[in-house]
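J.: Sharing data01.cif, mmCIF, C-alpha atoms and all ligand atoms:
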data_input
#
loop_
_atom_site.group_PDB
_atom_site.id
_atom_site.type_symbol
_atom_site.label_atom_id
_atom_site.label_comp_id
_atom_site.auth_asym_id
_atom_site.auth_seq_id
_atom_site.Cartn_x
_atom_site.Cartn_y
_atom_site.Cartn_z
ATOM 1 C CA MET A 1 -2.726 -14.620 -21.241
ATOM 2 C CA ASN A 2 -2.855 -10.975 -20.221
ATOM 3 C CA THR A 3 0.552 -9.545 -21.203
ATOM 4 C CA ALA A 4 0.176 -6.459 -19.023
ATOM 5 C CA LYS A 5 -0.582 -8.468 -15.879
ATOM 6 C CA VAL A 6 2.190 -10.959 -16.616
ATOM 7 C CA ALA A 7 4.694 -8.110 -17.156
ATOM 8 C CA ALA A 8 3.830 -6.479 -13.816
ATOM 9 C CA ALA A 9 3.895 -9.853 -12.060
ATOM 10 C CA LYS A 10 7.321 -10.805 -13.439
ATOM 11 C CA ALA A 11 8.787 -7.417 -12.528
ATOM 12 C CA ALA A 12 7.868 -7.988 -8.876
ATOM 13 C CA LEU A 13 10.111 -11.076 -8.686
ATOM 14 C CA SER A 14 13.190 -8.865 -8.342
ATOM 15 C CA HIS A 15 11.925 -7.703 -4.920
ATOM 16 C CA ILE A 16 11.969 -11.195 -3.421
ATOM 17 C CA GLU A 17 14.849 -12.273 -1.166
ATOM 18 C CA GLU A 18 15.858 -15.905 -1.530
ATOM 19 C CA GLY A 19 14.802 -17.851 1.598
ATOM 20 C CA SER A 20 12.339 -15.193 2.793
ATOM 21 C CA ILE A 21 8.712 -15.550 3.849
ATOM 22 C CA LEU A 22 6.481 -13.727 1.401
ATOM 23 C CA GLY A 23 2.980 -12.306 1.756
ATOM 24 C CA VAL A 24 0.891 -13.137 -1.322
ATOM 25 C CA GLY A 25 -2.409 -11.496 -2.296
ATOM 26 C CA THR A 26 -5.329 -12.657 -4.408
ATOM 27 C CA GLY A 27 -6.608 -12.221 -7.960
ATOM 28 C CA SER A 28 -5.699 -12.799 -11.585
ATOM 29 C CA THR A 29 -2.562 -10.622 -11.474
ATOM 30 C CA VAL A 30 -1.367 -12.459 -8.378
ATOM 31 C CA ASN A 31 -2.059 -15.745 -10.163
ATOM 32 C CA CYS A 32 0.355 -14.554 -12.891
ATOM 33 C CA PHE A 33 2.826 -13.721 -10.110
ATOM 34 C CA ILE A 34 2.529 -17.230 -8.609
ATOM 35 C CA ASP A 35 3.112 -18.743 -12.069
ATOM 36 C CA ALA A 36 6.161 -16.511 -12.534
ATOM 37 C CA LEU A 37 7.420 -17.455 -9.069
ATOM 38 C CA ALA A 38 7.168 -21.141 -9.974
ATOM 39 C CA GLU A 39 9.155 -20.571 -13.184
ATOM 40 C CA SER A 40 11.773 -18.405 -11.482
ATOM 41 C CA GLY A 41 13.223 -21.111 -9.262
ATOM 42 C CA ILE A 42 13.337 -18.631 -6.339
ATOM 43 C CA ARG A 43 13.310 -20.632 -3.112
ATOM 44 C CA LEU A 44 11.096 -19.303 -0.303
ATOM 45 C CA SER A 45 11.002 -20.350 3.345
ATOM 46 C CA GLY A 46 7.242 -20.048 2.987
ATOM 47 C CA ALA A 47 4.390 -17.700 2.229
ATOM 48 C CA VAL A 48 1.349 -16.222 3.939
ATOM 49 C CA ALA A 49 -1.703 -16.302 1.666
ATOM 50 C CA SER A 50 -4.562 -13.776 1.648
ATOM 51 C CA SER A 51 -7.144 -16.347 0.541
ATOM 52 C CA VAL A 52 -7.878 -20.026 0.345
ATOM 53 C CA ALA A 53 -7.553 -19.799 -3.459
ATOM 54 C CA THR A 54 -4.051 -18.346 -3.213
ATOM 55 C CA ALA A 55 -3.044 -20.862 -0.539
ATOM 56 C CA GLU A 56 -4.075 -23.684 -2.893
ATOM 57 C CA ARG A 57 -2.078 -22.226 -5.791
ATOM 58 C CA LEU A 58 0.999 -21.746 -3.622
ATOM 59 C CA THR A 59 0.762 -25.277 -2.292
ATOM 60 C CA ALA A 60 0.441 -26.573 -5.864
ATOM 61 C CA ILE A 61 3.797 -25.009 -6.789
ATOM 62 C CA GLY A 62 5.482 -26.421 -3.675
ATOM 63 C CA VAL A 63 5.485 -23.330 -1.428
ATOM 64 C CA ASP A 64 4.774 -23.911 2.269
ATOM 65 C CA VAL A 65 1.765 -21.839 3.337
ATOM 66 C CA LEU A 66 2.300 -20.468 6.847
ATOM 67 C CA ASP A 67 0.049 -18.973 9.523
ATOM 68 C CA LEU A 68 0.707 -15.251 9.995
ATOM 69 C CA ASN A 69 0.594 -15.845 13.753
ATOM 70 C CA THR A 70 3.809 -17.852 13.474
ATOM 71 C CA THR A 71 5.773 -15.665 11.062
ATOM 72 C CA GLY A 72 5.882 -12.250 12.719
ATOM 73 C CA THR A 73 6.320 -9.198 10.511
ATOM 74 C CA LEU A 74 6.835 -9.967 6.818
ATOM 75 C CA ASP A 75 9.418 -8.121 4.707
ATOM 76 C CA LEU A 76 7.329 -8.080 1.547
ATOM 77 C CA TYR A 77 3.693 -8.354 0.473
ATOM 78 C CA VAL A 78 2.807 -8.604 -3.220
ATOM 79 C CA ASP A 79 -0.806 -8.052 -4.279
ATOM 80 C CA GLY A 80 -2.965 -6.571 -7.021
ATOM 81 C CA ALA A 81 -5.557 -3.788 -6.884
ATOM 82 C CA ASP A 82 -8.796 -2.685 -8.504
ATOM 83 C CA GLU A 83 -7.735 0.986 -8.551
ATOM 84 C CA SER A 84 -4.704 3.022 -7.499
ATOM 85 C CA ASN A 85 -4.434 6.793 -7.225
ATOM 86 C CA PRO A 86 -1.086 8.662 -7.448
ATOM 87 C CA MET A 87 -0.607 8.374 -3.652
ATOM 88 C CA LEU A 88 -0.875 4.591 -4.154
ATOM 89 C CA GLU A 89 -4.041 4.561 -2.096
ATOM 90 C CA LEU A 90 -6.031 1.617 -3.405
ATOM 91 C CA ILE A 91 -9.442 0.096 -3.856
ATOM 92 C CA LYS A 92 -9.210 -3.649 -3.325
ATOM 93 C CA GLY A 93 -11.583 -6.530 -2.750
ATOM 94 C CA GLY A 94 -12.865 -7.282 -6.235
ATOM 95 C CA GLY A 95 -11.961 -10.874 -5.381
ATOM 96 C CA ALA A 96 -13.579 -10.617 -1.922
ATOM 97 C CA ALA A 97 -10.283 -11.190 -0.090
ATOM 98 C CA LEU A 98 -9.959 -7.637 1.263
ATOM 99 C CA THR A 99 -9.874 -8.399 4.996
ATOM 100 C CA ARG A 100 -7.010 -10.879 4.869
ATOM 101 C CA GLU A 101 -5.305 -8.643 2.298
ATOM 102 C CA LYS A 102 -5.478 -5.685 4.659
ATOM 103 C CA ILE A 103 -4.167 -7.777 7.548
ATOM 104 C CA ILE A 104 -1.149 -8.955 5.569
ATOM 105 C CA ALA A 105 -0.482 -5.495 4.128
ATOM 106 C CA GLY A 106 -0.525 -4.136 7.689
ATOM 107 C CA ALA A 107 1.817 -6.874 8.874
ATOM 108 C CA SER A 108 4.368 -6.276 6.094
ATOM 109 C CA LYS A 109 7.259 -3.816 5.942
ATOM 110 C CA ARG A 110 6.835 -3.333 2.199
ATOM 111 C CA PHE A 111 3.722 -3.640 0.022
ATOM 112 C CA VAL A 112 4.403 -3.921 -3.698
ATOM 113 C CA CYS A 113 1.249 -3.625 -5.772
ATOM 114 C CA ILE A 114 1.141 -5.174 -9.263
ATOM 115 C CA ALA A 115 -1.443 -4.050 -11.790
ATOM 116 C CA ASP A 116 -2.175 -3.541 -15.450
ATOM 117 C CA ASP A 117 -2.396 0.051 -16.643
ATOM 118 C CA SER A 118 -6.225 0.123 -16.508
ATOM 119 C CA LYS A 119 -6.021 0.303 -12.696
ATOM 120 C CA GLN A 120 -4.387 3.745 -12.503
ATOM 121 C CA VAL A 121 -6.824 6.581 -11.746
ATOM 122 C CA ASP A 122 -6.553 10.163 -10.541
ATOM 123 C CA VAL A 123 -9.438 9.855 -8.090
ATOM 124 C CA LEU A 124 -10.623 6.585 -6.519
ATOM 125 C CA GLY A 125 -14.240 5.507 -6.812
ATOM 126 C CA ALA A 126 -15.222 4.545 -10.354
ATOM 127 C CA PHE A 127 -14.718 0.944 -9.215
ATOM 128 C CA PRO A 128 -17.335 0.200 -6.523
ATOM 129 C CA VAL A 129 -15.721 -0.033 -3.080
ATOM 130 C CA PRO A 130 -16.121 -3.571 -1.676
ATOM 131 C CA VAL A 131 -17.047 -3.795 2.008
ATOM 132 C CA GLU A 132 -16.966 -7.050 3.986
ATOM 133 C CA VAL A 133 -19.882 -7.240 6.435
ATOM 134 C CA ILE A 134 -20.971 -9.719 9.104
ATOM 135 C CA PRO A 135 -24.170 -11.309 7.667
ATOM 136 C CA MET A 136 -26.588 -10.162 10.426
ATOM 137 C CA ALA A 137 -25.472 -6.535 9.857
ATOM 138 C CA ARG A 138 -26.139 -6.540 6.107
ATOM 139 C CA SER A 139 -29.193 -4.232 6.045
ATOM 140 C CA PHE A 140 -28.024 -1.980 8.876
ATOM 141 C CA ALA A 141 -24.537 -1.568 7.378
ATOM 142 C CA ALA A 142 -26.079 -0.809 3.968
ATOM 143 C CA ARG A 143 -28.252 1.961 5.489
ATOM 144 C CA GLU A 144 -25.223 3.453 7.273
ATOM 145 C CA LEU A 145 -23.099 3.288 4.109
ATOM 146 C CA LEU A 146 -25.882 5.058 2.210
ATOM 147 C CA LYS A 147 -25.536 7.940 4.686
ATOM 148 C CA LEU A 148 -21.824 8.146 3.799
ATOM 149 C CA GLY A 149 -22.827 8.896 0.194
ATOM 150 C CA CYS A 150 -22.877 5.662 -1.780
ATOM 151 C CA ASP A 151 -25.310 3.156 -3.206
ATOM 152 C CA PRO A 152 -24.472 -0.233 -1.636
ATOM 153 C CA GLU A 153 -25.230 -3.380 -3.612
ATOM 154 C CA TYR A 154 -25.252 -6.879 -2.106
ATOM 155 C CA ARG A 155 -22.834 -9.145 -4.016
ATOM 156 C CA GLU A 156 -25.142 -12.101 -4.662
ATOM 157 C CA GLY A 157 -23.817 -15.591 -4.063
ATOM 158 C CA VAL A 158 -20.495 -14.553 -2.521
ATOM 159 C CA ILE A 159 -19.385 -15.630 0.951
ATOM 160 C CA THR A 160 -15.878 -14.588 1.954
ATOM 161 C CA ASP A 161 -13.249 -16.945 3.351
ATOM 162 C CA ASN A 162 -14.236 -15.489 6.744
ATOM 163 C CA GLY A 163 -17.932 -16.444 6.326
ATOM 164 C CA ASN A 164 -19.151 -12.894 5.639
ATOM 165 C CA ILE A 165 -20.926 -11.072 2.805
ATOM 166 C CA ILE A 166 -19.793 -8.261 0.498
ATOM 167 C CA LEU A 167 -21.525 -4.957 -0.194
ATOM 168 C CA ASP A 168 -20.192 -3.176 -3.301
ATOM 169 C CA CYS A 169 -20.498 0.581 -2.771
ATOM 170 C CA HIS A 170 -21.201 2.505 -5.979
ATOM 171 C CA GLY A 171 -20.962 6.235 -6.493
ATOM 172 C CA PHE A 172 -18.674 7.342 -3.686
ATOM 173 C CA HIS A 173 -16.927 10.680 -4.340
ATOM 174 C CA ILE A 174 -13.668 9.862 -2.629
ATOM 175 C CA SER A 175 -11.925 13.168 -1.992
ATOM 176 C CA ASP A 176 -10.584 11.952 1.383
ATOM 177 C CA PRO A 177 -9.766 8.224 1.135
ATOM 178 C CA LYS A 178 -8.290 8.003 4.657
ATOM 179 C CA GLY A 179 -11.308 9.760 6.218
ATOM 180 C CA LEU A 180 -13.758 7.552 4.340
ATOM 181 C CA GLU A 181 -11.826 4.431 5.309
ATOM 182 C CA GLN A 182 -12.031 5.442 8.983
ATOM 183 C CA SER A 183 -15.735 6.379 8.803
ATOM 184 C CA ALA A 184 -16.758 3.160 7.061
ATOM 185 C CA ASN A 185 -14.641 0.995 9.365
ATOM 186 C CA ALA A 186 -16.379 2.568 12.373
ATOM 187 C CA ILE A 187 -19.822 1.210 11.357
ATOM 188 C CA PRO A 188 -20.750 -1.754 13.588
ATOM 189 C CA GLY A 189 -20.855 -4.991 11.610
ATOM 190 C CA ILE A 190 -18.416 -3.810 8.976
ATOM 191 C CA VAL A 191 -15.323 -6.007 9.093
ATOM 192 C CA THR A 192 -13.267 -4.176 6.493
ATOM 193 C CA VAL A 193 -13.722 -1.546 3.829
ATOM 194 C CA GLY A 194 -11.744 -2.141 0.638
ATOM 195 C CA LEU A 195 -10.006 1.216 0.794
ATOM 196 C CA PHE A 196 -6.291 0.885 1.423
ATOM 197 C CA ALA A 197 -5.421 4.498 2.247
ATOM 198 C CA LEU A 198 -4.257 4.325 5.871
ATOM 199 C CA ARG A 199 -1.859 1.617 4.711
ATOM 200 C CA PRO A 200 -1.303 2.338 0.988
ATOM 201 C CA ALA A 201 1.104 0.481 -1.278
ATOM 202 C CA ASP A 202 4.776 1.438 -1.074
ATOM 203 C CA GLU A 203 5.371 0.804 -4.755
ATOM 204 C CA LEU A 204 3.143 0.217 -7.774
ATOM 205 C CA ILE A 205 4.402 -1.810 -10.720
ATOM 206 C CA VAL A 206 2.257 -1.094 -13.769
ATOM 207 C CA GLY A 207 2.335 -3.472 -16.708
ATOM 208 C CA TYR A 208 1.384 -2.591 -20.298
ATOM 209 C CA ALA A 209 0.070 -4.742 -23.127
ATOM 210 C CA ASP A 210 3.377 -4.389 -25.015
ATOM 211 C CA GLY A 211 5.226 -5.951 -22.049
ATOM 212 C CA ARG A 212 6.706 -2.704 -20.683
ATOM 213 C CA THR A 213 6.534 -1.946 -16.994
ATOM 214 C CA GLU A 214 6.730 1.274 -14.997
ATOM 215 C CA THR A 215 7.409 1.612 -11.302
ATOM 216 C CA HIS A 216 5.632 4.321 -9.317
ATOM 217 C CA LEU A 217 6.325 5.534 -5.803
ATOM 218 C CA PRO A 218 3.641 7.401 -3.833
ATOM 219 C CA ARG A 219 3.285 11.039 -4.884
ATOM 220 C CA ALA A 220 4.024 13.261 -1.881
HETATM 221 C C1 LIG B 1 -8.890 -9.346 -4.467
HETATM 222 C C2 LIG B 1 -8.248 -8.063 -4.872
HETATM 223 C C3 LIG B 1 -7.485 -8.057 -6.154
HETATM 224 O O1 LIG B 1 -6.183 -7.655 -5.883
HETATM 225 C C4 LIG B 1 -8.125 -7.107 -7.116
HETATM 226 O O2 LIG B 1 -9.501 -7.446 -7.256
HETATM 227 C C5 LIG B 1 -7.442 -7.119 -8.463
HETATM 228 O O3 LIG B 1 -7.709 -8.326 -9.104
HETATM 229 P P1 LIG B 1 -7.087 -8.700 -10.514
HETATM 230 O O4 LIG B 1 -5.618 -8.872 -10.319
HETATM 231 O O5 LIG B 1 -7.810 -9.977 -10.866
HETATM 232 O O6 LIG B 1 -7.420 -7.590 -11.479
HETATM 233 O O7 LIG B 1 -8.298 -7.070 -4.205
HETATM 234 O O8 LIG B 1 -9.680 -9.191 -3.324
#
For the structure just supplied, provide its representation as structure tokens.

T.:
Amino acid sequence: MNTAKVAAAKAALSHIEEGSILGVGTGSTVNCFIDALAESGIRLSGAVASSVATAERLTAIGVDVLDLNTTGTLDLYVDGADESNPMLELIKGGGAALTREKIIAGASKRFVCIADDSKQVDVLGAFPVPVEVIPMARSFAARELLKLGCDPEYREGVITDNGNIILDCHGFHISDPKGLEQSANAIPGIVTVGLFALRPADELIVGYADGRTETHLPRA
């Protein structure tokens, strides 16, 4: 058990309204959150899941998994991150669920990010930026991403829940996360770039190995 992830996950429970429909992300920290949700006894009207894996976990604890097309805007989305800067702009997609994660984040009034303290950085980019790409565009998208200043690497053996591939982009110097997100998203064949800067988190709950948590709001 990772105490830091569990601490952040448990702290997010206080944001949930009884009877609400919750957006739920993907990854090991979110798995801790789903476990904590099961233990909490909080009753939900349902949840929208950002991946098949999360949908299966939610179903296993008795939560109805709903189609975002039927729910309208969600009040709250809870998800992890691979990196967060002080503006709560994120790199996400280590678990290859970035496209559905970005959809749900965009469709939610509030995005609470849960993470262990290793995820906080001053400048994004040490973690390679995942990019979801339509398979036929793999080589072309990689050449275009190279021009944006990174070294794209094909993530072998991974097909996303949407049937696409992932390029992990190493070495980006991300001084303008919003600009890079827009430039990468404009490349034909790219479905989503794992930069969450145009829609950052609204709150970051950081967990520590000793069980403490800290809550951060975006730095102005
Ligand atoms: C999945 C993600 C995850 O939120 C991110 O990779 C963090 O994962 P973990 O909680 O396992 O550290 O973006 O696509």

J.: Return the single residue from A:Val131, A:Met136, A:Ile16, A:Leu37 that is closest to A:Tyr154, with distances computed using only C-alpha atoms.

T.: A:Val131

J.: Please identify every polymer residue within 7 Å of ligand LIG 1 (chain B), using all atoms listed in the file, and present the set as a PyMOL selection string.

T.: chain A and resi 25-30+79-82+92-98+115

J.: Would you write out, as a PyMOL selection string, every residue that the PyMOL selection byres (((chain A and resi 21) around 9) and not hetatm) captures in this file?

T.: chain A and resi 17-20+22-23+44-48+66+71+74-76

J.: To verify the selection step, state as a CSV table (one decimal) with C-alpha atoms, in the frame of the given file which residues the PyMOL selection byres (((chain A and resi 9) around 10) and not hetatm) yields on this input.

T.:
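See result-v4.csv below for the written result:
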chain,number,residue,atom,x,y,z
A,3,THR,CA,0.6,-9.5,-21.2
A,4,ALA,CA,0.2,-6.5,-19.0
A,5,LYS,CA,-0.6,-8.5,-15.9
A,6,VAL,CA,2.2,-11.0,-16.6
A,7,ALA,CA,4.7,-8.1,-17.2
A,8,ALA,CA,3.8,-6.5,-13.8
A,10,LYS,CA,7.3,-10.8,-13.4
A,11,ALA,CA,8.8,-7.4,-12.5
A,12,ALA,CA,7.9,-8.0,-8.9
A,13,LEU,CA,10.1,-11.1,-8.7
A,29,THR,CA,-2.6,-10.6,-11.5
A,30,VAL,CA,-1.4,-12.5,-8.4
A,31,ASN,CA,-2.1,-15.7,-10.2
A,32,CYS,CA,0.4,-14.6,-12.9
A,33,PHE,CA,2.8,-13.7,-10.1
A,34,ILE,CA,2.5,-17.2,-8.6
A,35,ASP,CA,3.1,-18.7,-12.1
A,36,ALA,CA,6.2,-16.5,-12.5
A,37,LEU,CA,7.4,-17.5,-9.1
A,78,VAL,CA,2.8,-8.6,-3.2
A,79,ASP,CA,-0.8,-8.1,-4.3
A,80,GLY,CA,-3.0,-6.6,-7.0
A,113,CYS,CA,1.2,-3.6,-5.8
A,114,ILE,CA,1.1,-5.2,-9.3
A,115,ALA,CA,-1.4,-4.0,-11.8
A,116,ASP,CA,-2.2,-3.5,-15.4
A,205,ILE,CA,4.4,-1.8,-10.7
A,206,VAL,CA,2.3,-1.1,-13.8
A,207,GLY,CA,2.3,-3.5,-16.7
A,213,THR,CA,6.5,-1.9,-17.0

J.: Could you state which residues are captured by the PyMOL selection byres (((chain A and resi 170-176) around 7) and not hetatm) in this file, as a PyMOL selection string?

T.: chain A and resi 123-125+128-129+149-152+168-169+177-180

J.: Residues at most 12 Å from A:Gly106, counting all atoms listed in the file, excluding those fewer than 5 positions away in the same chain, as number ranges by chain?

T.: A: 23, 68, 72-77, 98-101, 111, 196-202

J.: What gap, in Å, lies between atom CA of A:Arg219 and atom CA of A:Thr192?

T.: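 Taking atom CA of A:Arg219 and atom CA of A:Thr192, their separation equals 25.2 Å.
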
J.: Rounded to one decimal in Å, what is the spacing between atom CA of A:Glu132 and atom CA of A:Thr160?

T.: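 Computing it gives 7.9 Å between the two atoms.
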
J.: Would you compute the box with edges along x, y and z of the file around stretch 109-120 of chain A, including every atom the file lists for it and 8 Å extra on each side, and give its centre and edge lengths in Å to one decimal, as JSON?

T.:
{"center_x": 0.5, "center_y": -0.7, "center_z": -5.4, "size_x": 29.5, "size_y": 24.9, "size_z": 38.6}

J.: For A:Ala137, which of A:Ala55, A:Val158, A:Ile91, A:Ile187 is the closest residue, counting only C-alpha atoms?

T.: A:Ile187
